[in-house]
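Participant: Pasting my_file.pdb here (PDB, C-alpha atoms):
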```
MODEL        1
ATOM      1  CA  MET F  15     -16.105   3.154 -10.958
ATOM      2  CA  LYS F  16     -13.389   4.573  -8.755
ATOM      3  CA  GLN F  17      -9.941   3.293  -9.654
ATOM      4  CA  ILE F  18      -7.347   2.366  -7.029
ATOM      5  CA  ARG F  19      -4.704   5.061  -7.012
ATOM      6  CA  SER F  20      -1.057   4.363  -7.780
ATOM      7  CA  ARG F  21      -0.138   4.829  -4.103
ATOM      8  CA  PHE F  22      -1.248   1.238  -3.468
ATOM      9  CA  SER F  23       0.899  -0.261  -6.228
ATOM     10  CA  MET F  24       3.833   1.873  -5.063
ATOM     11  CA  ALA F  25       3.358   0.539  -1.516
ATOM     12  CA  VAL F  26       3.479  -3.054  -2.780
ATOM     13  CA  HIS F  27       6.637  -2.220  -4.753
ATOM     14  CA  ILE F  28       8.214  -0.569  -1.696
ATOM     15  CA  LEU F  29       7.566  -3.584   0.527
ATOM     16  CA  SER F  30       8.874  -5.910  -2.180
ATOM     17  CA  MET F  31      12.123  -3.945  -2.327
ATOM     18  CA  ILE F  32      12.436  -3.877   1.470
ATOM     19  CA  SER F  33      12.057  -7.663   1.519
ATOM     20  CA  LEU F  34      15.153  -7.910  -0.700
ATOM     21  CA  GLY F  35      17.340  -6.418   2.043
ATOM     22  CA  PRO F  36      18.870  -3.136   3.207
ATOM     23  CA  LEU F  37      20.861  -2.561   0.016
ATOM     24  CA  TYR F  38      17.598  -2.301  -1.953
ATOM     25  CA  SER F  39      15.462  -0.560   0.649
ATOM     26  CA  THR F  40      16.691   3.016   0.773
ATOM     27  CA  GLY F  41      14.147   5.673  -0.172
ATOM     28  CA  ASP F  42      16.269   6.998  -3.034
ATOM     29  CA  ARG F  43      16.861   3.556  -4.524
ATOM     30  CA  ILE F  44      13.178   2.685  -4.300
ATOM     31  CA  ALA F  45      12.240   6.030  -5.884
ATOM     32  CA  ARG F  46      14.575   5.323  -8.815
ATOM     33  CA  SER F  47      13.131   1.834  -9.180
ATOM     34  CA  ILE F  48       9.569   3.155  -9.273
ATOM     35  CA  ASN F  49      10.604   6.215 -11.286
ATOM     36  CA  SER F  50       8.924   8.521  -8.788
ATOM     37  CA  ASN F  51       9.791  11.519  -6.676
ATOM     38  CA  PRO F  52      11.677  10.493  -3.483
ATOM     39  CA  VAL F  53       9.384  12.729  -1.409
ATOM     40  CA  VAL F  54       6.337  10.752  -2.560
ATOM     41  CA  ILE F  55       8.097   7.487  -1.743
ATOM     42  CA  ARG F  56       9.107   8.705   1.726
ATOM     43  CA  ARG F  57       5.499   9.691   2.470
ATOM     44  CA  ILE F  58       4.237   6.240   1.512
ATOM     45  CA  MET F  59       7.073   4.629   3.464
ATOM     46  CA  ALA F  60       6.053   6.676   6.527
ATOM     47  CA  GLN F  61       2.504   5.304   6.238
ATOM     48  CA  LEU F  62       3.768   1.735   5.910
ATOM     49  CA  LYS F  63       6.144   2.179   8.837
ATOM     50  CA  LYS F  64       3.347   3.616  10.990
ATOM     51  CA  ALA F  65       1.233   0.555  10.103
ATOM     52  CA  GLY F  66       4.024  -1.698  11.404
ATOM     53  CA  PHE F  67       5.250  -3.257   8.165
ATOM     54  CA  PHE F  68       8.921  -2.327   8.600
ATOM     55  CA  ASP F  69      11.409  -0.457  10.753
ATOM     56  CA  THR F  70      14.506   1.641  10.224
ATOM     57  CA  LYS F  71      17.433   2.340  12.502
ATOM     58  CA  PRO F  72      19.075   5.770  12.856
ATOM     59  CA  GLY F  73      22.417   5.904  11.064
ATOM     60  CA  VAL F  74      21.810   2.630   9.211
ATOM     61  CA  ALA F  75      20.839   2.714   5.550
ATOM     62  CA  GLY F  76      17.797   0.757   4.485
ATOM     63  CA  ALA F  77      14.845  -0.815   6.246
ATOM     64  CA  SER F  78      13.853  -4.266   7.448
ATOM     65  CA  LEU F  79      10.468  -5.957   7.445
ATOM     66  CA  LEU F  80       8.832  -6.505  10.823
ATOM     67  CA  ILE F  81       6.478  -9.164   9.495
ATOM     68  CA  SER F  82       7.167 -12.030   7.135
ATOM     69  CA  PRO F  83       6.201 -11.453   3.498
ATOM     70  CA  GLU F  84       3.729 -14.343   3.804
ATOM     71  CA  LYS F  85       1.796 -12.362   6.421
ATOM     72  CA  CYS F  86       1.615  -9.179   4.302
ATOM     73  CA  THR F  87      -1.818  -9.116   2.711
ATOM     74  CA  LEU F  88      -2.775  -6.817  -0.118
ATOM     75  CA  LEU F  89      -5.759  -5.676   1.934
ATOM     76  CA  ASN F  90      -3.545  -4.651   4.866
ATOM     77  CA  ILE F  91      -1.194  -2.795   2.533
ATOM     78  CA  PHE F  92      -4.167  -1.066   0.901
ATOM     79  CA  LYS F  93      -5.601  -0.002   4.268
ATOM     80  CA  ALA F  94      -2.214   1.384   5.331
ATOM     81  CA  VAL F  95      -1.916   3.781   2.386
ATOM     82  CA  GLU F  96      -5.454   4.483   1.166
ATOM     83  CA  SER F  97      -8.336   5.993   3.068
ATOM     84  CA  VAL F  98     -11.342   3.710   3.231
ATOM     85  CA  ASP F  99     -14.655   5.268   4.273
ATOM     86  CA  GLY F 100     -16.093   3.456   7.259
ATOM     87  CA  ASN F 101     -13.559   0.642   6.868
ATOM     88  CA  GLN F 102     -15.549  -0.499   3.825
ATOM     89  CA  LEU F 103     -13.406  -1.446   0.830
ATOM     90  CA  PHE F 104     -16.279  -1.748  -1.656
ATOM     91  CA  LYS F 105     -19.390   0.366  -1.828
ATOM     92  CA  ILE F 106     -22.465  -1.822  -2.088
ATOM     93  CA  HIS F 107     -25.215  -0.548  -4.366
ATOM     94  CA  LYS F 108     -28.399  -0.514  -2.282
ATOM     95  CA  ASP F 109     -30.922   0.720  -4.839
ATOM     96  CA  THR F 110     -31.518  -2.490  -6.750
ATOM     97  CA  ASP F 111     -34.818  -3.263  -8.390
ATOM     98  CA  PRO F 112     -36.785  -5.412  -5.890
ATOM     99  CA  ARG F 113     -38.831  -6.872  -8.766
ATOM    100  CA  ASN F 114     -35.749  -8.406 -10.350
ATOM    101  CA  GLU F 115     -35.306 -11.910  -8.970
ATOM    102  CA  HIS F 116     -32.133 -12.780 -10.896
TER     103      HIS F 116
ENDMDL
END
```
Could I get this structure in the form of structure tokens?

Facilitator:
Amino acid sequence: MKQIRSRFSMAVHILSMISLGPLYSTGDRIARSINSNPVVIRRIMAQLKKAGFFDTKPGVAGASLLISPEKCTLLNIFKAVESVDGNQLFKIHKDTDPRNEH
């Protein structure tokens, strides 16, 4: 079974911090909170920004959400930071035993 990589959980953490306000939403502060390399955090933040979750302004520290936290779904966050083959989250096993009726 393929395990979801930590990029997804980091993305959820990043968006949670951004929702707290600009003071908490700088890349360096988020990296310290996650205990990760700031470069990794900035890459994930770039993916989330491209997906339309938040915006930043030049010369202003921090970020602000573009959508309400209630509208952020885990699936949308996952799709923003993880590659999904054929837009299919789960692989369906197609070689089941046709004789098994359970």

Participant: Between F:Asn49, F:Ser39, F:Leu34, F:Ser97, which one has atoms that come closest to Asp69 in chain F, using all atoms listed in the file?

Facilitator: F:Ser39

Participant: Take the PyMOL selection byres ((chain F and resi 70) around 12), apply it to the structure above, and return the hits as a list of chain:residue names.

Facilitator: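 This file, filtered by the PyMOL selection byres ((chain F and resi 70) around 12), leaves F:Ile32, F:Gly35, F:Pro36, F:Ser39, F:Thr40, F:Gly41, F:Met59, F:Ala60, F:Leu62, F:Lys63, F:Lys64, F:Gly66, F:Phe67, F:Phe68, F:Asp69, F:Lys71, F:Pro72, F:Gly73, F:Val74, F:Ala75, F:Gly76, F:Ala77, F:Ser78, F:Leu79, F:Leu80.
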
Participant: Under the PyMOL selection byres ((chain F and resi 42) around 9), which residues of this model are included? Write them out as a list in words.

Facilitator: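 Evaluating the PyMOL selection byres ((chain F and resi 42) around 9) on these coordinates yields Ser39, Thr40, Gly41, Arg43, Ile44, Ala45, Arg46, Ser47, Asn51, Pro52, Ile55 and Arg56 of chain F.
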
Participant: Enter the distance from CA of Lys85 in chain F to CA of His27 in chain F, in Å, rounded to one decimal.

Facilitator: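 Answer for the CA of Lys85 in chain F to CA of His27 in chain F separation: 15.8 Å.
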
Participant: Would you work out the distance separating CA of Ala94 in chain F from CA of Arg57 in chain F, expressed in Å to one decimal?

Facilitator: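 Distance reported for this atom pair: 11.7 Å.
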
Participant: Extending 8 Å beyond the listed atoms of range 81-91 of chain F on each side, what axis-aligned box results? I want centre and edge lengths in Å to one decimal, as JSON.

Facilitator:
```
{"center_x": 0.7, "center_y": -8.6, "center_z": 4.7, "size_x": 28.9, "size_y": 27.5, "size_z": 25.6}
```

Participant: Between CA of Phe92 in chain F and CA of Val53 in chain F, what is the distance in Å, rounded to a tenth?

Facilitator: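 The value is 19.5 Å.
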
Participant: Evaluate the PyMOL selection byres ((chain F and resi 20) around 12) and record the selected residues as a list of chain:residue names, following the chain and residue labels used in the document.

Facilitator: F:Gln17, F:Ile18, F:Arg19, F:Arg21, F:Phe22, F:Ser23, F:Met24, F:Ala25, F:Val26, F:His27, F:Ile48, F:Ser50, F:Val54, F:Ile55, F:Ile58, F:Phe92, F:Val95, F:Glu96
